[in-house]
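Asks: Next up, final_30.tsv (TSV, C-alpha atoms).
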```tsv
chain	number	residue	atom	x	y	z
A	1	MET	CA	-8.74	17.15	-9.70
A	2	GLU	CA	-7.54	18.53	-6.34
A	3	THR	CA	-11.02	18.01	-4.84
A	4	GLU	CA	-11.11	14.42	-6.06
A	5	LYS	CA	-7.67	13.82	-4.57
A	6	ILE	CA	-8.71	15.33	-1.24
A	7	ASP	CA	-11.94	13.31	-1.18
A	8	LEU	CA	-10.07	10.08	-1.95
A	9	LEU	CA	-7.44	10.78	0.72
A	10	LYS	CA	-10.10	11.57	3.33
A	11	THR	CA	-12.07	8.39	2.69
A	12	TYR	CA	-8.93	6.26	2.36
A	13	LEU	CA	-7.42	7.55	5.59
A	14	SER	CA	-10.75	7.13	7.42
A	15	LEU	CA	-10.29	3.36	6.94
A	16	TYR	CA	-7.26	3.41	9.24
A	17	ILE	CA	-6.50	3.81	12.91
A	18	GLU	CA	-3.04	4.98	14.02
A	19	HIS	CA	-0.94	2.65	16.18
A	20	PHE	CA	-0.72	5.15	19.06
A	21	LYS	CA	-4.50	5.08	19.55
A	22	VAL	CA	-4.44	1.29	19.73
A	23	LEU	CA	-1.48	1.41	22.10
A	24	ALA	CA	-3.22	3.96	24.34
A	25	ALA	CA	-6.36	1.80	24.58
A	26	MET	CA	-4.15	-1.19	25.40
A	27	GLN	CA	-2.26	0.66	28.13
A	28	GLN	CA	-5.46	2.05	29.66
A	29	GLY	CA	-7.14	-1.35	29.71
A	30	ASP	CA	-9.85	0.08	27.43
A	31	ASP	CA	-11.65	-3.03	26.20
A	32	SER	CA	-13.93	-1.19	23.77
A	33	LEU	CA	-11.19	-1.66	21.17
A	34	VAL	CA	-10.59	-5.26	20.05
A	35	VAL	CA	-7.65	-6.15	17.83
A	36	LEU	CA	-8.20	-8.93	15.29
A	37	ASP	CA	-5.25	-10.70	13.67
A	38	VAL	CA	-6.74	-11.54	10.26
A	39	ARG	CA	-3.72	-13.34	8.82
A	40	ASN	CA	-4.60	-16.62	7.11
A	41	ALA	CA	-1.75	-18.58	8.60
A	42	PRO	CA	-1.18	-21.11	11.42
A	43	ALA	CA	0.36	-19.84	14.67
A	44	ALA	CA	3.73	-21.40	13.78
A	45	VAL	CA	3.97	-19.28	10.65
A	46	LYS	CA	2.62	-16.16	12.34
A	47	GLU	CA	5.15	-16.59	15.22
A	48	VAL	CA	4.07	-13.45	17.09
A	49	GLN	CA	0.94	-11.32	17.23
A	50	ILE	CA	0.02	-7.95	18.66
A	51	LYS	CA	-0.45	-8.31	22.41
A	52	GLY	CA	-4.02	-9.24	23.26
A	53	ALA	CA	-5.09	-9.74	19.63
A	54	LEU	CA	-7.72	-12.33	18.75
A	55	PRO	CA	-6.80	-14.65	15.87
A	56	MET	CA	-9.57	-14.29	13.27
A	57	PRO	CA	-8.35	-15.36	9.81
A	58	ALA	CA	-9.93	-13.22	7.07
A	59	LYS	CA	-11.04	-16.39	5.27
A	60	ASP	CA	-13.16	-17.39	8.30
A	61	LEU	CA	-14.46	-13.95	9.24
A	62	ALA	CA	-17.78	-13.99	7.33
A	63	ALA	CA	-18.66	-17.40	8.81
A	64	ARG	CA	-17.61	-16.39	12.34
A	65	ILE	CA	-19.14	-12.91	12.29
A	66	GLY	CA	-21.68	-14.01	14.93
A	67	GLU	CA	-18.87	-14.29	17.49
A	68	LEU	CA	-18.29	-10.53	17.34
A	69	ASP	CA	-19.80	-7.92	19.64
A	70	SER	CA	-21.50	-4.93	17.98
A	71	THR	CA	-20.64	-2.69	20.97
A	72	LYS	CA	-16.90	-3.04	20.26
A	73	THR	CA	-14.67	-1.26	17.76
A	74	TYR	CA	-12.56	-3.74	15.79
A	75	VAL	CA	-9.02	-3.13	14.60
A	76	VAL	CA	-7.77	-5.54	11.94
A	77	TYR	CA	-4.21	-6.11	10.85
A	78	ASP	CA	-2.29	-8.20	8.33
A	79	TRP	CA	1.46	-8.76	7.86
A	80	THR	CA	2.22	-5.49	6.07
A	81	GLY	CA	0.48	-2.39	4.78
A	82	GLY	CA	1.06	-3.59	1.23
A	83	THR	CA	-1.35	-6.51	1.39
A	84	THR	CA	-5.10	-6.52	0.84
A	85	LEU	CA	-6.23	-8.94	3.56
A	86	GLY	CA	-6.85	-6.18	6.10
A	87	LYS	CA	-9.15	-4.44	3.63
A	88	VAL	CA	-10.94	-7.69	2.81
A	89	ALA	CA	-11.67	-8.13	6.53
A	90	LEU	CA	-12.58	-4.47	6.95
A	91	LEU	CA	-15.10	-4.65	4.13
A	92	ILE	CA	-16.78	-7.66	5.77
A	93	LEU	CA	-16.93	-5.90	9.15
A	94	LEU	CA	-18.25	-2.58	7.81
A	95	SER	CA	-20.77	-4.36	5.56
A	96	HIS	CA	-22.12	-6.12	8.67
A	97	GLY	CA	-22.51	-2.80	10.46
A	98	PHE	CA	-19.50	-3.12	12.77
A	99	LYS	CA	-17.33	-0.17	13.68
A	100	ALA	CA	-13.91	-1.15	12.38
A	101	PHE	CA	-10.54	0.13	11.21
A	102	GLU	CA	-7.37	-1.22	9.69
A	103	LEU	CA	-4.20	-0.72	11.72
A	104	ALA	CA	-2.00	1.81	9.89
A	105	GLY	CA	1.38	0.24	9.11
A	106	ALA	CA	0.08	-3.25	9.91
A	107	LEU	CA	2.08	-5.75	11.99
A	108	GLU	CA	5.31	-4.73	10.23
A	109	GLY	CA	4.96	-1.14	11.44
A	110	TRP	CA	3.95	-2.24	14.94
A	111	ARG	CA	7.02	-4.47	15.25
A	112	GLY	CA	9.25	-1.83	13.66
A	113	MET	CA	8.34	0.46	16.57
A	114	ASN	CA	8.97	-2.33	19.11
A	115	LEU	CA	5.39	-2.19	20.39
A	116	PRO	CA	4.04	-5.07	22.53
A	117	VAL	CA	3.70	-8.49	20.92
A	118	GLU	CA	3.21	-12.00	22.27
A	119	PRO	CA	3.47	-15.53	20.82
A	120	ALA	CA	0.83	-16.06	18.11
A	121	LYS	CA	-2.25	-18.06	19.09
B	1	MET	CA	-19.18	8.03	5.63
B	2	GLU	CA	-19.60	4.25	6.10
B	3	THR	CA	-21.13	3.96	2.61
B	4	GLU	CA	-18.23	5.86	1.09
B	5	LYS	CA	-15.78	3.60	2.91
B	6	ILE	CA	-17.57	0.47	1.72
B	7	ASP	CA	-17.72	1.75	-1.87
B	8	LEU	CA	-14.02	2.62	-1.84
B	9	LEU	CA	-13.09	-0.77	-0.37
B	10	LYS	CA	-15.21	-2.62	-2.95
B	11	THR	CA	-13.71	-0.79	-5.91
B	12	TYR	CA	-10.18	-0.94	-4.47
B	13	LEU	CA	-10.38	-4.67	-3.77
B	14	SER	CA	-11.87	-5.33	-7.23
B	15	LEU	CA	-8.50	-4.23	-8.67
B	16	TYR	CA	-6.84	-7.27	-7.11
B	17	ILE	CA	-6.71	-11.01	-7.62
B	18	GLU	CA	-5.72	-13.29	-4.74
B	19	HIS	CA	-2.60	-15.44	-5.09
B	20	PHE	CA	-4.52	-18.70	-4.64
B	21	LYS	CA	-6.57	-18.06	-7.77
B	22	VAL	CA	-3.41	-17.45	-9.78
B	23	LEU	CA	-1.83	-20.54	-8.26
B	24	ALA	CA	-4.91	-22.67	-9.08
B	25	ALA	CA	-4.87	-21.52	-12.73
B	26	MET	CA	-1.15	-22.32	-12.88
B	27	GLN	CA	-1.61	-25.81	-11.41
B	28	GLN	CA	-4.54	-26.59	-13.72
B	29	GLY	CA	-2.65	-25.46	-16.82
B	30	ASP	CA	-5.38	-22.83	-17.37
B	31	ASP	CA	-3.81	-20.51	-19.95
B	32	SER	CA	-6.67	-17.95	-19.88
B	33	LEU	CA	-4.74	-16.23	-17.08
B	34	VAL	CA	-1.45	-14.61	-18.10
B	35	VAL	CA	0.92	-13.20	-15.49
B	36	LEU	CA	2.90	-10.07	-16.47
B	37	ASP	CA	6.00	-9.06	-14.52
B	38	VAL	CA	5.83	-5.27	-14.91
B	39	ARG	CA	9.02	-4.43	-13.00
B	40	ASN	CA	11.21	-1.90	-14.80
B	41	ALA	CA	14.47	-3.73	-14.16
B	42	PRO	CA	16.88	-6.00	-16.02
B	43	ALA	CA	16.72	-9.75	-15.33
B	44	ALA	CA	19.90	-9.60	-13.22
B	45	VAL	CA	18.25	-7.17	-10.81
B	46	LYS	CA	14.94	-8.99	-10.82
B	47	GLU	CA	16.72	-12.33	-10.10
B	48	VAL	CA	13.54	-14.42	-9.97
B	49	GLN	CA	10.03	-14.06	-11.33
B	50	ILE	CA	6.73	-15.84	-10.79
B	51	LYS	CA	6.80	-19.15	-12.67
B	52	GLY	CA	5.57	-18.70	-16.23
B	53	ALA	CA	5.34	-14.88	-16.03
B	54	LEU	CA	6.00	-12.77	-19.13
B	55	PRO	CA	8.39	-9.85	-18.59
B	56	MET	CA	6.53	-6.69	-19.63
B	57	PRO	CA	8.08	-3.59	-18.01
B	58	ALA	CA	5.40	-1.02	-17.13
B	59	LYS	CA	7.39	1.63	-19.01
B	60	ASP	CA	7.04	-0.37	-22.26
B	61	LEU	CA	3.47	-1.58	-21.79
B	62	ALA	CA	1.63	1.16	-23.71
B	63	ALA	CA	3.97	0.75	-26.70
B	64	ARG	CA	3.74	-3.05	-26.62
B	65	ILE	CA	0.00	-3.30	-25.95
B	66	GLY	CA	-0.50	-4.80	-29.45
B	67	GLU	CA	1.33	-7.95	-28.30
B	68	LEU	CA	-1.44	-8.75	-25.84
B	69	ASP	CA	-4.43	-11.00	-26.46
B	70	SER	CA	-7.87	-9.58	-25.63
B	71	THR	CA	-9.23	-13.08	-24.84
B	72	LYS	CA	-6.84	-13.44	-21.87
B	73	THR	CA	-7.06	-12.11	-18.33
B	74	TYR	CA	-3.85	-10.38	-17.30
B	75	VAL	CA	-2.37	-10.41	-13.80
B	76	VAL	CA	0.31	-7.79	-13.17
B	77	TYR	CA	2.78	-7.67	-10.32
B	78	ASP	CA	5.58	-5.45	-9.04
B	79	TRP	CA	8.15	-5.99	-6.25
B	80	THR	CA	5.84	-5.21	-3.31
B	81	GLY	CA	2.30	-4.12	-2.57
B	82	GLY	CA	3.57	-0.73	-1.50
B	83	THR	CA	4.65	0.42	-4.95
B	84	THR	CA	2.53	2.03	-7.66
B	85	LEU	CA	3.92	0.31	-10.77
B	86	GLY	CA	1.33	-2.46	-10.72
B	87	LYS	CA	-1.44	0.15	-10.69
B	88	VAL	CA	0.23	2.12	-13.49
B	89	ALA	CA	0.21	-1.06	-15.60
B	90	LEU	CA	-3.32	-1.96	-14.54
B	91	LEU	CA	-4.61	1.46	-15.60
B	92	ILE	CA	-3.06	1.03	-19.05
B	93	LEU	CA	-4.57	-2.44	-19.45
B	94	LEU	CA	-8.08	-1.50	-18.25
B	95	SER	CA	-8.04	1.70	-20.35
B	96	HIS	CA	-7.31	-0.44	-23.42
B	97	GLY	CA	-10.26	-2.70	-22.61
B	98	PHE	CA	-8.29	-5.66	-21.28
B	99	LYS	CA	-9.48	-7.77	-18.37
B	100	ALA	CA	-6.77	-7.33	-15.77
B	101	PHE	CA	-5.95	-7.48	-12.07
B	102	GLU	CA	-3.06	-6.70	-9.79
B	103	LEU	CA	-1.68	-9.62	-7.79
B	104	ALA	CA	-2.55	-9.07	-4.11
B	105	GLY	CA	0.65	-8.99	-2.05
B	106	ALA	CA	2.82	-8.64	-5.17
B	107	LEU	CA	6.03	-10.65	-5.67
B	108	GLU	CA	6.97	-10.15	-2.01
B	109	GLY	CA	3.83	-11.93	-0.84
B	110	TRP	CA	4.19	-14.68	-3.43
B	111	ARG	CA	7.75	-15.40	-2.34
B	112	GLY	CA	6.82	-15.11	1.34
B	113	MET	CA	4.44	-18.03	0.79
B	114	ASN	CA	7.13	-20.02	-1.07
B	115	LEU	CA	5.00	-20.21	-4.24
B	116	PRO	CA	6.65	-21.23	-7.55
B	117	VAL	CA	9.26	-18.90	-9.03
B	118	GLU	CA	11.91	-19.31	-11.73
B	119	PRO	CA	14.95	-17.30	-12.86
B	120	ALA	CA	13.89	-13.89	-14.20
B	121	LYS	CA	13.81	-13.49	-18.00
C	1	MET	CA	-17.38	-1.41	-12.66
C	2	GLU	CA	-14.48	-0.93	-15.12
C	3	THR	CA	-15.13	2.84	-15.23
C	4	GLU	CA	-15.11	3.02	-11.45
C	5	LYS	CA	-11.84	1.07	-11.37
C	6	ILE	CA	-10.26	3.36	-13.98
C	7	ASP	CA	-11.45	6.49	-12.15
C	8	LEU	CA	-10.08	5.22	-8.85
C	9	LEU	CA	-6.73	4.28	-10.42
C	10	LYS	CA	-6.43	7.69	-12.11
C	11	THR	CA	-7.12	9.64	-8.93
C	12	TYR	CA	-5.00	7.30	-6.79
C	13	LEU	CA	-2.01	7.48	-9.13
C	14	SER	CA	-2.35	11.29	-9.42
C	15	LEU	CA	-1.38	11.43	-5.72
C	16	TYR	CA	2.09	10.12	-6.55
C	17	ILE	CA	5.24	11.35	-8.23
C	18	GLU	CA	7.73	8.86	-9.68
C	19	HIS	CA	11.26	8.73	-8.24
C	20	PHE	CA	12.88	9.54	-11.61
C	21	LYS	CA	11.15	12.93	-11.75
C	22	VAL	CA	12.40	13.78	-8.27
C	23	LEU	CA	15.87	12.54	-9.19
C	24	ALA	CA	15.89	14.63	-12.40
C	25	ALA	CA	14.93	17.80	-10.49
C	26	MET	CA	17.67	17.03	-7.95
C	27	GLN	CA	20.31	16.51	-10.64
C	28	GLN	CA	19.29	19.68	-12.51
C	29	GLY	CA	19.37	21.80	-9.35
C	30	ASP	CA	15.66	22.53	-9.91
C	31	ASP	CA	14.58	24.03	-6.59
C	32	SER	CA	10.89	24.26	-7.47
C	33	LEU	CA	10.57	20.73	-6.08
C	34	VAL	CA	11.06	20.38	-2.31
C	35	VAL	CA	11.25	16.97	-0.67
C	36	LEU	CA	9.77	16.66	2.84
C	37	ASP	CA	10.69	13.75	5.09
C	38	VAL	CA	7.45	13.37	7.07
C	39	ARG	CA	8.57	10.49	9.31
C	40	ASN	CA	7.69	11.00	12.97
C	41	ALA	CA	11.03	9.86	14.31
C	42	PRO	CA	14.24	11.40	15.66
C	43	ALA	CA	17.27	11.59	13.33
C	44	ALA	CA	18.95	8.67	15.14
C	45	VAL	CA	16.05	6.37	14.27
C	46	LYS	CA	15.70	7.72	10.74
C	47	GLU	CA	19.47	7.22	10.15
C	48	VAL	CA	19.42	8.45	6.54
C	49	GLN	CA	17.13	10.65	4.48
C	50	ILE	CA	16.75	11.46	0.80
C	51	LYS	CA	19.50	13.89	-0.20
C	52	GLY	CA	18.40	17.47	0.34
C	53	ALA	CA	15.12	16.56	2.07
C	54	LEU	CA	13.70	18.81	4.79
C	55	PRO	CA	12.65	17.02	7.99
C	56	MET	CA	8.96	17.87	8.56
C	57	PRO	CA	7.29	15.26	10.80
C	58	ALA	CA	3.68	14.68	9.74
C	59	LYS	CA	2.57	15.31	13.35
C	60	ASP	CA	4.00	18.86	13.18
C	61	LEU	CA	3.00	19.70	9.62
C	62	ALA	CA	-0.33	21.46	10.29
C	63	ALA	CA	1.30	23.66	12.96
C	64	ARG	CA	4.32	24.44	10.77
C	65	ILE	CA	2.41	24.95	7.50
C	66	GLY	CA	3.34	28.67	7.56
C	67	GLU	CA	6.99	27.74	6.94
C	68	LEU	CA	6.13	26.41	3.49
C	69	ASP	CA	6.31	28.32	0.21
C	70	SER	CA	3.22	28.23	-2.02
C	71	THR	CA	5.36	28.62	-5.16
C	72	LYS	CA	7.02	25.23	-4.54
C	73	THR	CA	5.84	21.71	-5.29
C	74	TYR	CA	6.22	19.45	-2.26
C	75	VAL	CA	7.11	15.76	-2.36
C	76	VAL	CA	6.46	13.85	0.86
C	77	TYR	CA	7.79	10.44	1.83
C	78	ASP	CA	7.53	7.99	4.70
C	79	TRP	CA	9.45	4.75	5.42
C	80	THR	CA	7.56	2.51	3.00
C	81	GLY	CA	4.70	2.62	0.53
C	82	GLY	CA	2.61	0.52	2.91
C	83	THR	CA	2.21	3.20	5.57
C	84	THR	CA	-0.34	6.02	5.72
C	85	LEU	CA	1.82	8.88	7.02
C	86	GLY	CA	2.65	10.15	3.54
C	87	LYS	CA	-1.06	10.39	2.76
C	88	VAL	CA	-1.78	12.11	6.08
C	89	ALA	CA	0.82	14.77	5.16
C	90	LEU	CA	-0.42	14.97	1.57
C	91	LEU	CA	-3.98	15.62	2.73
C	92	ILE	CA	-2.79	18.49	4.93
C	93	LEU	CA	-0.78	20.03	2.07
C	94	LEU	CA	-3.51	19.72	-0.56
C	95	SER	CA	-6.15	20.98	1.89
C	96	HIS	CA	-4.02	24.09	2.41
C	97	GLY	CA	-3.78	24.67	-1.34
C	98	PHE	CA	-0.21	23.47	-1.83
C	99	LYS	CA	0.88	21.53	-4.87
C	100	ALA	CA	2.08	18.23	-3.47
C	101	PHE	CA	2.69	14.57	-4.22
C	102	GLU	CA	3.71	11.44	-2.38
C	103	LEU	CA	6.93	9.78	-3.54
C	104	ALA	CA	6.02	6.47	-5.23
C	105	GLY	CA	7.79	3.61	-3.45
C	106	ALA	CA	8.67	5.82	-0.48
C	107	LEU	CA	12.13	5.78	1.13
C	108	GLU	CA	12.29	1.99	0.85
C	109	GLY	CA	12.02	2.16	-2.95
C	110	TRP	CA	14.47	5.07	-3.18
C	111	ARG	CA	17.07	3.16	-1.17
C	112	GLY	CA	16.35	-0.05	-3.06
C	113	MET	CA	17.43	1.74	-6.24
C	114	ASN	CA	20.56	3.14	-4.52
C	115	LEU	CA	19.47	6.74	-5.14
C	116	PRO	CA	21.20	9.59	-3.22
C	117	VAL	CA	20.73	9.72	0.55
C	118	GLU	CA	22.51	11.58	3.35
C	119	PRO	CA	22.55	11.36	7.17
C	120	ALA	CA	19.12	12.21	8.60
C	121	LYS	CA	18.70	15.69	10.06
```
Let me see the structure of the file written as structure tokens.
Replies:
Amino acid sequence: METEKIDLLKTYLSLYIEHFKVLAAMQQGDDSLVVLDVRNAPAAVKEVQIKGALPMPAKDLAARIGELDSTKTYVVYDWTGGTTLGKVALLILLSHGFKAFELAGALEGWRGMNLPVEPAK
Amino acid sequence: METEKIDLLKTYLSLYIEHFKVLAAMQQGDDSLVVLDVRNAPAAVKEVQIKGALPMPAKDLAARIGELDSTKTYVVYDWTGGTTLGKVALLILLSHGFKAFELAGALEGWRGMNLPVEPAK
Amino acid sequence: METEKIDLLKTYLSLYIEHFKVLAAMQQGDDSLVVLDVRNAPAAVKEVQIKGALPMPAKDLAARIGELDSTKTYVVYDWTGGTTLGKVALLILLSHGFKAFELAGALEGWRGMNLPVEPAK
């Protein structure tokens, strides 16, 4: 059972990227990392978003997949880490061959650490 | 590793049902979908529940499994998506051959979208 | 697909320990269970911790693994159940052969049930 647990943890954690890596890319102007806000909500409801994020609602992602750039690494986030929308988006991205991760802690964690946000688009 | 990630995401996401499907069944009076509130708490602590949900505490579910109807599809929910109680209940239901899902976003997500609730029973 | 779901749920849930088991060990003075607060934050930000927990930031865990006792069972917790830090710590512990679990519901759930806390160390 321990091996199964370790295997599950490894694969599960490999879905995520830690906030400090995203923050470092942001601060270094590294544009190989693109943050996608996959919340299915209008800007007024979203209020703020992670600085520099592109709004890309999960419900539209499959249809708009052609707008993405296969040389980039995509980081998706939803409201909290307890929702499934980030994983829905991640599955679409990985299934289309994109390099992609879910932001660990989601927007809630990012805001809880007072990391850079801006008005939602 | 990408295949393992995709497989994990597919199986993980197949555990869940999106709120809009539950809402649609509710609005259409479709009684093939039954929502179970599996929180282990008295009504006073629970305060509200999803409209039409049946209280079925996860701790009692195995003992009360005979009350369920194998022709229905069960949707379980806990306080938030970050708890394990919904998955505990889901495992019991699936192991007994029931068709069942966990509500994506849990009660927290449902309330966050101002979907129909009623006083807890 | 049902078998895959059941297998995933079983392995996933086997990563967790329920709060009431931790509480029972605490109340019985059972020191075979050791609670590790793996939050990567100073005491002032953490404010409170689970009563009797040892501060062991996830970022330091691999380097400090020699401080742990292989006869104990470790219980790790992070802020909420929606973060990945508990699983990062759990993977390190299991990979080093320790018996370990993540606290179901995390600190948020523990506090939500008004279980014993103390000032963070």
Asks: Chain A residues within 12 Å of chain B, counting only C-alpha atoms: which ones, as a VMD selection string?
Replies: chain A and resid 7 to 16 40 to 41 45 to 46 59 78 to 102 105
Asks: Residues within 9 Å of (8.3, 24.2, -1.7), file coordinates, counting only C-alpha atoms: what are they? Give the list as a list of chain:residue names.
Replies: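 Checking each residue against the 9 Å limit leaves C:Asp31, C:Ser32, C:Leu33, C:Val34, C:Val35, C:Leu36, C:Leu68, C:Asp69, C:Ser70, C:Thr71, C:Lys72, C:Thr73, C:Tyr74, C:Val75, C:Phe98, C:Lys99, C:Ala100.
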Asks: Find the spatial neighbours of Ile50 of chain B, counting all atoms listed in the file, within a cut-off of 10 Å - ignore same-chain residues fewer than 2 positions away - and output them as a list of chain:residue names.
Replies: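 Here the qualifying residues turn out to be B:Val35, B:Leu36, B:Asp37, B:Val48, B:Gly52, B:Ala53, B:Leu54, B:Pro55, B:Tyr77, B:Ala106, B:Leu107, B:Trp110, B:Arg111, B:Leu115, B:Pro116, B:Val117, B:Glu118, B:Pro119, B:Ala120.
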Asks: Report, in Å with one decimal, the straight-line distance from atom CA of Leu61 of chain C to atom CA of Asp30 of chain C.
Replies: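 Separation of atom CA of Leu61 of chain C and atom CA of Asp30 of chain C: 23.4 Å.
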Asks: Separation of atom CA of Arg39 of chain A and atom CA of Met56 of chain A, in Å?
Replies: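 Answer for the atom CA of Arg39 of chain A to atom CA of Met56 of chain A separation: 7.4 Å.
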Asks: Could you state the separation of atom CA of Lys51 of chain B and atom CA of Gln27 of chain B in Å, given to one decimal place?
Replies: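 Atom CA of Gln27 of chain B lies at a distance of 10.8 Å from atom CA of Lys51 of chain B.
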Asks: Using all atoms of segment 38-47 of chain A listed in the file and a margin of 6 Å per side, can you give the axis-aligned box centre and edge lengths in Å to one decimal, as AutoDock Vina command-line options?
Replies:
```
--center_x -0.8 --center_y -16.5 --center_z 11.2 --size_x 23.9 --size_y 21.9 --size_z 20.1
```
